[in-house]
$ cat model-v6.cif   # mmCIF, C-alpha atoms
data_structure
loop_
_atom_site.label_atom_id
_atom_site.label_comp_id
_atom_site.auth_asym_id
_atom_site.auth_seq_id
_atom_site.Cartn_x
_atom_site.Cartn_y
_atom_site.Cartn_z
CA MET A 26 24.33 0.54 42.77
CA SER A 27 22.10 0.79 45.83
CA GLY A 28 18.76 -0.94 46.05
CA ALA A 29 16.72 2.26 45.78
CA GLU A 30 18.63 3.39 42.68
CA GLN A 31 18.09 0.04 41.05
CA THR A 32 14.35 0.27 41.60
CA LEU A 33 14.32 3.74 40.04
CA ASN A 34 16.11 2.53 36.93
CA ASP A 35 14.09 -0.65 36.56
CA PHE A 36 11.37 0.68 34.27
CA SER A 37 9.90 -2.74 33.61
CA ALA A 38 8.55 -2.70 37.18
CA VAL A 39 6.43 0.36 36.28
CA PRO A 40 3.20 -0.45 34.41
CA GLN A 41 3.16 0.89 30.85
CA SER A 42 0.20 3.16 31.62
CA LEU A 43 2.26 4.99 34.27
CA ARG A 44 5.42 5.49 32.21
CA GLY A 45 4.34 8.83 30.73
CA PRO A 46 3.95 9.71 27.06
CA ALA A 47 5.83 7.70 24.42
CA PRO A 48 8.59 9.45 22.44
CA ALA A 49 7.39 11.83 19.70
CA LYS A 50 8.64 9.50 16.98
CA VAL A 51 6.49 6.63 18.27
CA VAL A 52 3.42 8.85 18.70
CA ALA A 53 3.80 10.35 15.20
CA GLY A 54 4.48 6.94 13.67
CA PHE A 55 1.49 5.28 15.30
CA GLY A 56 -0.85 8.16 14.45
CA PHE A 57 0.28 8.12 10.85
CA TRP A 58 -0.14 4.34 10.77
CA LEU A 59 -3.79 4.80 11.83
CA PHE A 60 -4.25 7.38 9.04
CA LEU A 61 -2.76 4.94 6.51
CA LEU A 62 -5.13 2.18 7.61
CA SER A 63 -8.13 4.52 7.21
CA ASP A 64 -6.81 5.50 3.78
CA ILE A 65 -6.64 1.80 2.87
CA ILE A 66 -10.25 1.40 4.04
CA MET A 67 -11.21 4.18 1.60
CA PHE A 68 -9.42 2.23 -1.14
CA ALA A 69 -11.40 -0.86 -0.02
CA ALA A 70 -14.63 1.01 -0.88
CA LEU A 71 -13.25 1.84 -4.35
CA PHE A 72 -12.15 -1.79 -4.80
CA ALA A 73 -15.64 -2.96 -3.81
CA ALA A 74 -17.21 -0.55 -6.33
CA TYR A 75 -14.87 -1.80 -9.04
CA ALA A 76 -15.55 -5.45 -8.24
CA VAL A 77 -19.31 -4.88 -8.40
CA LEU A 78 -19.24 -2.77 -11.59
CA SER A 79 -16.46 -4.48 -13.57
CA GLY A 80 -19.02 -6.34 -15.70
CA ALA A 81 -21.12 -3.25 -16.49
CA THR A 82 -19.38 -2.30 -19.73
CA ALA A 83 -22.52 -0.87 -21.46
CA ASP A 84 -21.52 -2.62 -24.73
CA GLY A 85 -18.24 -0.67 -24.59
CA PRO A 86 -14.73 -2.14 -24.40
CA ALA A 87 -14.02 -4.60 -21.55
CA GLY A 88 -10.85 -4.66 -19.48
CA ALA A 89 -9.05 -7.39 -21.43
CA GLU A 90 -9.25 -5.34 -24.67
CA LEU A 91 -7.88 -2.18 -23.03
CA PHE A 92 -5.09 -3.29 -20.70
CA ASP A 93 -1.51 -3.93 -21.74
CA LYS A 94 0.16 -6.40 -19.33
CA PRO A 95 3.85 -5.65 -20.15
CA ARG A 96 3.19 -1.97 -19.41
CA VAL A 97 1.55 -2.84 -16.09
CA PHE A 98 4.54 -5.08 -15.25
CA LEU A 99 6.86 -2.12 -15.89
CA GLU A 100 4.72 0.11 -13.64
CA THR A 101 4.84 -2.56 -10.91
CA LEU A 102 8.65 -2.78 -11.14
CA CYS A 103 8.95 1.03 -10.86
CA LEU A 104 6.86 1.14 -7.67
CA LEU A 105 8.53 -1.90 -6.13
CA ALA A 106 12.03 -0.53 -6.79
CA SER A 107 11.01 2.89 -5.45
CA SER A 108 9.73 1.26 -2.24
CA VAL A 109 13.17 -0.29 -1.68
CA THR A 110 15.11 2.90 -2.49
CA CYS A 111 12.76 4.78 -0.15
CA GLY A 112 13.68 2.28 2.59
CA PHE A 113 17.40 2.84 1.88
CA GLY A 114 16.79 6.61 2.05
CA THR A 115 15.10 6.23 5.44
CA LEU A 116 18.06 4.17 6.71
CA ALA A 117 20.51 6.83 5.47
CA MET A 118 18.41 9.51 7.17
CA PHE A 119 18.48 7.71 10.54
CA LYS A 120 22.30 7.55 10.21
CA ALA A 121 22.26 11.36 9.64
CA ASP A 122 23.76 10.76 6.17
CA VAL A 123 22.44 13.77 4.23
CA ARG A 124 24.05 12.84 0.91
CA GLY A 125 22.74 9.27 1.09
CA THR A 126 19.26 10.59 1.91
CA TYR A 127 19.31 12.93 -1.11
CA PHE A 128 20.66 10.15 -3.37
CA TRP A 129 18.14 7.43 -2.45
CA MET A 130 15.17 9.79 -2.17
CA GLY A 131 16.12 11.29 -5.55
CA ILE A 132 15.97 7.81 -7.13
CA THR A 133 12.64 7.22 -5.34
CA PHE A 134 11.32 10.42 -6.90
CA LEU A 135 12.47 9.45 -10.41
CA LEU A 136 10.93 5.96 -10.14
CA GLY A 137 7.65 7.42 -8.83
CA ALA A 138 7.63 9.98 -11.66
CA SER A 139 8.24 7.20 -14.25
CA PHE A 140 5.31 5.27 -12.80
CA LEU A 141 3.07 8.34 -13.09
CA THR A 142 4.22 9.03 -16.67
CA ILE A 143 3.38 5.47 -17.77
CA GLU A 144 0.00 5.71 -16.05
CA ALA A 145 -0.79 9.11 -17.59
CA LEU A 146 0.07 7.76 -21.07
CA GLU A 147 -2.24 4.79 -20.45
CA PHE A 148 -5.11 7.04 -19.36
CA ALA A 149 -4.56 9.35 -22.35
CA SER A 150 -4.58 6.44 -24.83
CA MET A 151 -7.76 5.05 -23.26
CA VAL A 152 -9.54 8.40 -23.48
CA ALA A 153 -8.33 8.77 -27.09
CA LYS A 154 -9.91 5.38 -27.89
CA GLY A 155 -13.22 6.69 -26.56
CA ALA A 156 -12.92 4.62 -23.37
CA GLY A 157 -13.02 7.57 -20.97
CA PRO A 158 -14.56 7.51 -17.48
CA SER A 159 -17.99 8.60 -18.80
CA HIS A 160 -18.40 5.65 -21.19
CA SER A 161 -19.54 2.92 -18.80
CA ALA A 162 -19.91 2.11 -15.11
CA PHE A 163 -16.91 -0.21 -15.47
CA LEU A 164 -14.71 2.60 -16.79
CA SER A 165 -15.97 5.07 -14.15
CA ALA A 166 -15.01 2.60 -11.42
CA PHE A 167 -11.65 1.93 -13.13
CA PHE A 168 -10.70 5.60 -13.36
CA ALA A 169 -11.93 6.27 -9.81
CA LEU A 170 -9.82 3.45 -8.34
CA VAL A 171 -6.63 3.69 -10.42
CA GLY A 172 -6.93 7.50 -10.59
CA THR A 173 -7.14 7.80 -6.78
CA HIS A 174 -4.01 5.68 -6.46
CA GLY A 175 -2.27 7.87 -9.07
CA LEU A 176 -3.39 10.99 -7.17
CA HIS A 177 -1.83 9.57 -3.99
CA VAL A 178 1.45 8.96 -5.84
CA THR A 179 1.34 12.56 -7.15
CA LEU A 180 0.77 13.92 -3.64
CA GLY A 181 3.63 11.68 -2.42
CA LEU A 182 6.00 13.20 -5.00
CA ILE A 183 5.00 16.75 -3.94
CA TRP A 184 5.51 15.76 -0.29
CA LEU A 185 8.93 14.27 -1.11
CA THR A 186 10.00 17.46 -2.93
CA ILE A 187 8.97 19.57 0.09
CA MET A 188 10.93 17.25 2.41
CA MET A 189 14.07 17.57 0.26
CA LEU A 190 13.73 21.35 0.49
CA GLN A 191 13.25 21.12 4.28
CA ILE A 192 16.43 19.04 4.63
CA ARG A 193 18.19 21.78 2.67
CA THR A 194 16.84 24.66 4.76
CA LEU A 195 16.31 23.06 8.20
CA GLY A 196 18.74 20.14 8.14
CA LEU A 197 18.06 16.66 9.51
CA ARG A 198 16.54 17.83 12.79
CA PRO A 199 14.09 15.49 14.60
CA MET A 200 11.03 17.30 13.23
CA VAL A 201 12.23 16.81 9.64
CA THR A 202 13.29 13.18 10.11
CA ARG A 203 9.88 12.38 11.64
CA ARG A 204 8.15 13.81 8.57
CA LEU A 205 10.38 12.04 6.09
CA TYR A 206 9.94 8.80 8.03
CA CYS A 207 6.13 9.20 7.78
CA PHE A 208 6.57 9.76 4.03
CA GLY A 209 8.34 6.37 3.90
CA LEU A 210 5.35 4.69 5.58
CA PHE A 211 3.00 6.42 3.10
CA TRP A 212 5.08 5.26 0.14
CA HIS A 213 5.19 1.62 1.30
CA ALA A 214 1.40 1.68 1.88
CA LEU A 215 0.83 2.94 -1.69
CA ASP A 216 2.86 0.00 -2.98
CA ILE A 217 0.60 -2.39 -1.02
CA VAL A 218 -2.50 -0.77 -2.57
CA TRP A 219 -0.89 -1.18 -6.02
CA ILE A 220 -0.58 -4.97 -5.45
CA GLY A 221 -4.39 -5.03 -5.10
CA VAL A 222 -4.78 -2.83 -8.20
CA PHE A 223 -2.63 -4.89 -10.53
CA THR A 224 -4.04 -8.20 -9.29
CA ILE A 225 -7.76 -7.31 -9.33
CA VAL A 226 -7.92 -4.72 -12.12
CA TYR A 227 -5.24 -5.72 -14.60
CA LEU A 228 -4.57 -9.46 -14.09
CA GLY A 229 -8.18 -10.28 -13.20
CA ALA A 230 -9.57 -8.50 -16.29
CA LYS A 231 -11.96 -10.58 -18.36
CA MET B 22 17.96 1.80 30.13
CA ASP B 23 18.06 -0.65 27.23
CA ARG B 24 15.36 -2.71 28.85
CA HIS B 25 13.22 0.39 29.15
CA VAL B 26 13.54 1.10 25.42
CA GLU B 27 12.69 -2.47 24.52
CA GLU B 28 9.65 -2.52 26.78
CA GLN B 29 8.24 0.60 25.12
CA ASP B 30 5.96 0.36 22.12
CA ASN B 31 7.74 0.68 18.83
CA ALA B 32 6.67 2.80 15.87
CA PRO B 33 5.73 1.08 12.60
CA GLY B 34 8.41 1.10 9.92
CA VAL B 35 11.27 0.96 12.41
CA ASP B 36 13.49 -2.08 12.14
CA PRO B 37 14.07 -3.22 15.73
CA HIS B 38 17.34 -4.86 14.63
CA GLU B 39 18.87 -1.94 12.81
CA GLN B 40 22.14 -3.75 12.24
CA HIS B 41 20.42 -5.71 9.43
CA GLY B 42 19.68 -2.44 7.64
CA LYS B 43 19.54 -2.81 3.89
CA ARG B 44 19.51 -6.60 4.02
CA THR B 45 15.88 -6.69 5.24
CA TYR B 46 14.78 -4.57 2.29
CA LEU B 47 16.76 -6.67 -0.20
CA ILE B 48 15.27 -9.94 1.10
CA GLY B 49 11.81 -8.33 0.85
CA LEU B 50 12.58 -7.17 -2.69
CA GLY B 51 13.56 -10.73 -3.66
CA TYR B 52 10.33 -12.24 -2.33
CA ALA B 53 8.18 -9.44 -3.80
CA LEU B 54 9.80 -9.78 -7.25
CA ALA B 55 9.31 -13.56 -7.25
CA LEU B 56 5.64 -13.18 -6.27
CA THR B 57 5.03 -10.43 -8.86
CA VAL B 58 6.54 -12.51 -11.67
CA ALA B 59 4.49 -15.51 -10.48
CA SER B 60 1.29 -13.41 -10.59
CA PHE B 61 1.89 -12.20 -14.14
CA TRP B 62 2.85 -15.73 -15.21
CA ALA B 63 -0.24 -17.25 -13.56
CA SER B 64 -2.57 -14.80 -15.32
CA SER B 65 -1.55 -15.92 -18.81
CA THR B 66 -0.40 -19.53 -18.55
CA PRO B 67 -2.26 -22.50 -20.01
CA LEU B 68 -0.65 -24.74 -17.39
CA VAL B 69 -3.05 -23.75 -14.59
CA TYR B 70 -6.69 -24.90 -14.72
CA ALA B 71 -8.42 -21.68 -15.84
CA PRO B 72 -11.22 -21.46 -13.21
CA GLY B 73 -8.55 -21.82 -10.50
CA VAL B 74 -6.50 -18.83 -11.71
CA PRO B 75 -8.37 -16.13 -9.68
CA VAL B 76 -7.81 -18.08 -6.46
CA LEU B 77 -4.12 -18.48 -7.29
CA LEU B 78 -3.84 -14.74 -8.06
CA ALA B 79 -5.56 -13.86 -4.77
CA ALA B 80 -3.19 -16.13 -2.82
CA LEU B 81 -0.12 -14.60 -4.53
CA ALA B 82 -1.37 -11.04 -3.90
CA ILE B 83 -2.08 -11.69 -0.21
CA ALA B 84 1.37 -13.28 0.16
CA GLN B 85 3.01 -10.25 -1.47
CA MET B 86 1.08 -7.83 0.78
CA GLY B 87 2.36 -9.87 3.73
CA VAL B 88 5.94 -9.57 2.43
CA HIS B 89 5.57 -5.78 2.11
CA VAL B 90 4.10 -5.43 5.62
CA ALA B 91 6.81 -7.59 7.20
CA PHE B 92 9.93 -6.50 5.29
CA PHE B 93 9.18 -2.88 4.29
CA LEU B 94 6.85 -1.66 7.05
CA HIS B 95 8.55 -3.93 9.67
CA ILE B 96 5.24 -4.81 11.33
CA SER B 97 5.46 -7.99 13.37
CA SER B 98 3.60 -9.66 16.21
CA ALA B 99 6.41 -8.80 18.66
CA PRO B 100 5.27 -7.45 22.07
CA ASP B 101 6.52 -3.91 21.34
CA GLN B 102 4.37 -3.88 18.18
CA ALA B 103 1.09 -4.91 19.81
CA ASN B 104 -0.64 -1.57 19.05
CA ASN B 105 0.51 -1.50 15.42
CA PHE B 106 -0.48 -5.12 14.90
CA LEU B 107 -3.93 -4.70 16.46
CA ALA B 108 -4.59 -1.61 14.34
CA LEU B 109 -3.54 -3.56 11.24
CA ALA B 110 -5.80 -6.47 12.19
CA PHE B 111 -8.76 -4.10 12.58
CA GLY B 112 -7.97 -2.45 9.23
CA VAL B 113 -7.86 -5.82 7.49
CA PHE B 114 -11.16 -6.78 9.15
CA VAL B 115 -12.97 -3.62 7.98
CA THR B 116 -11.45 -3.92 4.49
CA GLY B 117 -12.73 -7.50 4.25
CA LEU B 118 -16.21 -6.48 5.46
CA ILE B 119 -16.47 -3.69 2.88
CA VAL B 120 -15.17 -5.66 -0.10
CA PHE B 121 -16.75 -9.07 0.48
CA GLY B 122 -19.93 -7.59 1.99
CA SER B 123 -20.48 -5.34 -1.05
CA ILE B 124 -19.82 -8.15 -3.51
CA MET B 125 -22.18 -10.51 -1.66
CA ILE B 126 -25.02 -7.98 -1.37
CA MET B 127 -24.73 -6.78 -4.98
CA THR B 128 -24.66 -10.27 -6.53
CA HIS B 129 -27.66 -11.15 -4.38
CA LEU B 130 -29.53 -8.05 -5.58
CA ASN B 131 -28.61 -8.76 -9.20
CA HIS B 132 -29.89 -12.29 -8.77
CA ASN B 133 -33.24 -10.99 -7.46
CA MET B 134 -33.65 -8.30 -10.16
CA MET B 135 -36.52 -8.69 -12.57
CA PRO B 136 -35.29 -9.27 -16.13
CA MET B 137 -35.06 -6.00 -18.07
CA ASP B 138 -37.78 -6.78 -20.64
CA MET B 139 -40.30 -7.63 -17.92
CA LEU B 140 -39.46 -4.38 -16.11
CA MET B 141 -40.09 -2.41 -19.34
CA LYS B 142 -43.49 -4.11 -19.82
CA MET B 143 -44.53 -3.19 -16.29
CA GLN B 144 -43.70 0.48 -16.83
CA ARG B 145 -45.92 0.75 -19.90
#

$ encode --input "model-v6.cif" --output "structure tokens"
Amino acid sequence: MSGAEQTLNDFSAVPQSLRGPAPAKVVAGFGFWLFLLSDIIMFAALFAAYAVLSGATADGPAGAELFDKPRVFLETLCLLASSVTCGFGTLAMFKADVRGTYFWMGITFLLGASFLTIEALEFASMVAKGAGPSHSAFLSAFFALVGTHGLHVTLGLIWLTIMMLQIRTLGLRPMVTRRLYCFGLFWHALDIVWIGVFTIVYLGAK
Amino acid sequence: MDRHVEEQDNAPGVDPHEQHGKRTYLIGLGYALALTVASFWASSTPLVYAPGVPVLLAALAIAQMGVHVAFFLHISSAPDQANNFLALAFGVFVTGLIVFGSIMIMTHLNHNMMPMDMLMKMQR
């Protein structure tokens, strides 16, 4: 290798600002990461509202009378397991293993759907007891916070379904893998928000 | 060429040592499970001094969030992750401002509120 050729190949000599745009995967990943952080900041506002209003029960039921810890534990296990299967699915996808991707993402979908079912049953039983979102400021804040998280999980499941269809019709081309990889980031971020929910809302209930 | 790839910024969620693969997720799952069980145990045990329970729960939750960020999202303080890490640090900062700032201001306002019966008398 001649000296000139070596200089051309030695990218570390070139400052990062002069190396041209980063690969699409890095740009998409970083942009989506910024979106996730802003989404978490929106959740922070809902957490703040809940923390401020959690004592304002308006003589209605308080958290400790309404929440069922074993059920919340089951919900937590569903989300945690789905985060891991989602990671396995992403690994299979990067190895261009279509079957593995379908398998692990299918399990992720089922676990996410079980989480949503348990949550919907909880909401329905609370409303049936007369503890709906209109009863007190505490319950409004509760339904706003936990409901927004549930809405994110629902959107995640719709997104996952669309991605499975895109793998079927388009195959694992770079555009599709980038999208599915962003879905993985979204899913892990939702699990992190859920840690805050079960700690502050359910375990911290008085 | 390899050096070039390593010097570039890396995307979040990409394991830089892909040969570990599933093992990273399984280690993360182990830690996260242990911390979850500890949280649920701490919330209903008579063994921990009751006024200290919220602090213990907060510590366990922050530890579990750290486990998720490190093992599932693969964010680290490595040089190729500088952008991801700085963005995360800023997000954590703003989150802390919103949550603790709101709680501080609202408890302060509550403290300065006139008692309800006095307020009613004034309106008459």

$ closest_atom_pairs --input "model-v6.cif" --of "chain A" --to "chain B" --cutoff "9 Å" --atoms "only C-alpha atoms" --output "CSV"
residue,atom,partner,partner_atom,distance
A:Asn34,CA,B:Met22,CA,7.1
A:Asp35,CA,B:His25,CA,7.5
A:Phe36,CA,B:His25,CA,5.5
A:Ser37,CA,B:His25,CA,6.4
A:Gln41,CA,B:Gln29,CA,7.7
A:Ala47,CA,B:Gln29,CA,7.5
A:Lys50,CA,B:Ala32,CA,7.1
A:Val51,CA,B:Ala32,CA,4.5
A:Val52,CA,B:Ala32,CA,7.4
A:Ala53,CA,B:Ala32,CA,8.1
A:Gly54,CA,B:Ala32,CA,5.2
A:Phe55,CA,B:Ala32,CA,5.8
A:Trp58,CA,B:Pro33,CA,7.0
A:Leu59,CA,B:Ala108,CA,6.9
A:Leu62,CA,B:Gly112,CA,5.7
A:Ser63,CA,B:Gly112,CA,7.3
A:Ile65,CA,B:Thr116,CA,7.6
A:Ile66,CA,B:Thr116,CA,5.5
A:Met67,CA,B:Thr116,CA,8.6
A:Phe68,CA,B:Thr116,CA,8.6
A:Ala69,CA,B:Thr116,CA,5.5
A:Ala70,CA,B:Ile119,CA,6.3
A:Leu71,CA,B:Val120,CA,8.8
A:Phe72,CA,B:Val120,CA,6.8
A:Ala73,CA,B:Val120,CA,4.6
A:Ala74,CA,B:Ser123,CA,7.8
A:Ala76,CA,B:Ile124,CA,6.9
A:Val77,CA,B:Ile124,CA,5.9
A:Lys94,CA,B:Phe61,CA,8.0
A:Phe98,CA,B:Phe61,CA,7.7
A:Thr101,CA,B:Thr57,CA,8.1
A:Leu102,CA,B:Leu54,CA,8.1
A:Leu105,CA,B:Leu50,CA,7.5
A:Ala106,CA,B:Leu50,CA,7.8
A:Ser108,CA,B:Phe93,CA,7.8
A:Val109,CA,B:Tyr46,CA,6.1
A:Thr110,CA,B:Tyr46,CA,8.9
A:Gly112,CA,B:Tyr46,CA,6.9
A:Phe113,CA,B:Lys43,CA,6.4
A:Leu116,CA,B:Gly42,CA,6.9
A:Tyr206,CA,B:Gly34,CA,8.1
A:Cys207,CA,B:Gly34,CA,8.7
A:Gly209,CA,B:Gly34,CA,8.0
A:Leu210,CA,B:Gly34,CA,6.4
A:His213,CA,B:Phe93,CA,6.7
A:Ala214,CA,B:Leu94,CA,8.2
A:Asp216,CA,B:His89,CA,8.2
A:Ile217,CA,B:Met86,CA,5.8
A:Val218,CA,B:Met86,CA,8.6
A:Ile220,CA,B:Ala82,CA,6.3
A:Gly221,CA,B:Ala82,CA,6.8
A:Thr224,CA,B:Ala82,CA,6.7
A:Ile225,CA,B:Ala79,CA,8.3
A:Leu228,CA,B:Ser64,CA,5.8
A:Gly229,CA,B:Pro75,CA,6.8

$ atom_distance --input "model-v6.cif" --atom1 "atom CA of A:Val226" --atom2 "atom CA of A:Lys154"
18.8 Å

$ atom_distance --input "model-v6.cif" --atom1 "atom CA of A:Phe163" --atom2 "atom CA of A:Gly80"
6.5 Å

$ atom_distance --input "model-v6.cif" --atom1 "atom CA of B:Leu77" --atom2 "atom CA of A:His174"
24.2 Å

$ resolve_selection --input "model-v6.cif" --expression "the PyMOL selection byres ((chain A and resi 87) around 12)" --output "ChimeraX atom specification"
/A:78-86,88-92,151,156,160-164,167,226-227,229-231

$ closest_residue --input "model-v6.cif" --among "A:Leu170, A:Ala117, A:Val39, A:Val178" --to "A:Leu205" --atoms "all atoms listed in the file"
A:Ala117

$ resolve_selection --input "model-v6.cif" --expression "the PyMOL selection byres ((chain A and resi 143) around 12)" --output "NGL selection string"
:A and (93 or 95-104 or 136-142 or 144-150 or 175)

$ axis_aligned_box --input "model-v6.cif" --around "stretch 165-172 of chain A" --padding-each-side "3 Å" --output "JSON"
{"center_x": -11.3, "center_y": 4.7, "center_z": -11.2, "size_x": 15.3, "size_y": 11.6, "size_z": 11.8}

$ closest_residue --input "model-v6.cif" --among "A:Val201, A:Ile187, A:Leu182, A:Ala169" --to "A:Tyr75" --atoms "all atoms listed in the file"
A:Ala169

$ decode --input "model-v6.cif" --residues "stretch 115-140 of chain B" --atoms "N, CA and C atoms" --output "PDB file, in the first residue's frame"
ATOM      1  N   VAL B 115     -34.557  17.517  31.831  1.00  0.00           N
ATOM      2  CA  VAL B 115     -35.852  18.184  31.663  1.00  0.00           C
ATOM      3  C   VAL B 115     -36.935  17.443  32.444  1.00  0.00           C
ATOM      4  N   THR B 116     -36.896  16.083  32.384  1.00  0.00           N
ATOM      5  CA  THR B 116     -37.867  15.292  33.136  1.00  0.00           C
ATOM      6  C   THR B 116     -37.807  15.640  34.628  1.00  0.00           C
ATOM      7  N   GLY B 117     -36.585  15.729  35.157  1.00  0.00           N
ATOM      8  CA  GLY B 117     -36.418  16.052  36.576  1.00  0.00           C
ATOM      9  C   GLY B 117     -36.956  17.433  36.894  1.00  0.00           C
ATOM     10  N   LEU B 118     -36.668  18.409  36.009  1.00  0.00           N
ATOM     11  CA  LEU B 118     -37.167  19.781  36.219  1.00  0.00           C
ATOM     12  C   LEU B 118     -38.683  19.789  36.292  1.00  0.00           C
ATOM     13  N   ILE B 119     -39.338  19.099  35.322  1.00  0.00           N
ATOM     14  CA  ILE B 119     -40.800  19.126  35.259  1.00  0.00           C
ATOM     15  C   ILE B 119     -41.395  18.469  36.505  1.00  0.00           C
ATOM     16  N   VAL B 120     -40.918  17.265  36.832  1.00  0.00           N
ATOM     17  CA  VAL B 120     -41.538  16.510  37.923  1.00  0.00           C
ATOM     18  C   VAL B 120     -41.254  17.180  39.270  1.00  0.00           C
ATOM     19  N   PHE B 121     -39.971  17.384  39.591  1.00  0.00           N
ATOM     20  CA  PHE B 121     -39.662  17.912  40.922  1.00  0.00           C
ATOM     21  C   PHE B 121     -40.064  19.380  41.039  1.00  0.00           C
ATOM     22  N   GLY B 122     -39.919  20.143  39.932  1.00  0.00           N
ATOM     23  CA  GLY B 122     -40.348  21.538  39.950  1.00  0.00           C
ATOM     24  C   GLY B 122     -41.835  21.657  40.221  1.00  0.00           C
ATOM     25  N   SER B 123     -42.661  20.844  39.535  1.00  0.00           N
ATOM     26  CA  SER B 123     -44.113  20.900  39.744  1.00  0.00           C
ATOM     27  C   SER B 123     -44.457  20.548  41.182  1.00  0.00           C
ATOM     28  N   ILE B 124     -43.843  19.450  41.679  1.00  0.00           N
ATOM     29  CA  ILE B 124     -44.177  19.021  43.039  1.00  0.00           C
ATOM     30  C   ILE B 124     -43.810  20.120  44.034  1.00  0.00           C
ATOM     31  N   MET B 125     -42.627  20.730  43.847  1.00  0.00           N
ATOM     32  CA  MET B 125     -42.176  21.754  44.792  1.00  0.00           C
ATOM     33  C   MET B 125     -43.115  22.966  44.767  1.00  0.00           C
ATOM     34  N   ILE B 126     -43.436  23.440  43.554  1.00  0.00           N
ATOM     35  CA  ILE B 126     -44.287  24.633  43.453  1.00  0.00           C
ATOM     36  C   ILE B 126     -45.674  24.354  44.029  1.00  0.00           C
ATOM     37  N   MET B 127     -46.247  23.178  43.693  1.00  0.00           N
ATOM     38  CA  MET B 127     -47.623  22.908  44.126  1.00  0.00           C
ATOM     39  C   MET B 127     -47.718  22.702  45.627  1.00  0.00           C
ATOM     40  N   THR B 128     -46.718  22.040  46.253  1.00  0.00           N
ATOM     41  CA  THR B 128     -46.800  21.898  47.717  1.00  0.00           C
ATOM     42  C   THR B 128     -46.639  23.265  48.367  1.00  0.00           C
ATOM     43  N   HIS B 129     -45.806  24.105  47.780  1.00  0.00           N
ATOM     44  CA  HIS B 129     -45.609  25.448  48.317  1.00  0.00           C
ATOM     45  C   HIS B 129     -46.913  26.241  48.249  1.00  0.00           C
ATOM     46  N   LEU B 130     -47.599  26.155  47.096  1.00  0.00           N
ATOM     47  CA  LEU B 130     -48.874  26.865  46.928  1.00  0.00           C
ATOM     48  C   LEU B 130     -49.908  26.339  47.913  1.00  0.00           C
ATOM     49  N   ASN B 131     -49.980  25.014  48.047  1.00  0.00           N
ATOM     50  CA  ASN B 131     -50.931  24.417  48.982  1.00  0.00           C
ATOM     51  C   ASN B 131     -50.690  24.928  50.386  1.00  0.00           C
ATOM     52  N   HIS B 132     -49.391  25.037  50.720  1.00  0.00           N
ATOM     53  CA  HIS B 132     -49.010  25.478  52.054  1.00  0.00           C
ATOM     54  C   HIS B 132     -49.480  26.913  52.294  1.00  0.00           C
ATOM     55  N   ASN B 133     -49.453  27.745  51.233  1.00  0.00           N
ATOM     56  CA  ASN B 133     -49.806  29.156  51.382  1.00  0.00           C
ATOM     57  C   ASN B 133     -51.295  29.425  51.195  1.00  0.00           C
ATOM     58  N   MET B 134     -52.072  28.384  50.849  1.00  0.00           N
ATOM     59  CA  MET B 134     -53.508  28.573  50.609  1.00  0.00           C
ATOM     60  C   MET B 134     -54.211  28.917  51.911  1.00  0.00           C
ATOM     61  N   MET B 135     -55.206  29.782  51.804  1.00  0.00           N
ATOM     62  CA  MET B 135     -56.032  30.079  52.973  1.00  0.00           C
ATOM     63  C   MET B 135     -56.911  28.866  53.251  1.00  0.00           C
ATOM     64  N   PRO B 136     -57.133  28.521  54.526  1.00  0.00           N
ATOM     65  CA  PRO B 136     -58.019  27.389  54.801  1.00  0.00           C
ATOM     66  C   PRO B 136     -59.396  27.614  54.182  1.00  0.00           C
ATOM     67  N   MET B 137     -60.055  26.523  53.772  1.00  0.00           N
ATOM     68  CA  MET B 137     -61.278  26.615  52.987  1.00  0.00           C
ATOM     69  C   MET B 137     -62.375  27.411  53.702  1.00  0.00           C
ATOM     70  N   ASP B 138     -62.541  27.206  55.024  1.00  0.00           N
ATOM     71  CA  ASP B 138     -63.649  27.892  55.700  1.00  0.00           C
ATOM     72  C   ASP B 138     -63.436  29.412  55.739  1.00  0.00           C
ATOM     73  N   MET B 139     -62.171  29.823  55.866  1.00  0.00           N
ATOM     74  CA  MET B 139     -61.892  31.258  55.856  1.00  0.00           C
ATOM     75  C   MET B 139     -62.196  31.863  54.488  1.00  0.00           C
ATOM     76  N   LEU B 140     -61.849  31.081  53.425  1.00  0.00           N
ATOM     77  CA  LEU B 140     -62.093  31.536  52.056  1.00  0.00           C
ATOM     78  C   LEU B 140     -63.592  31.740  51.835  1.00  0.00           C
TER      79      LEU B 140
END
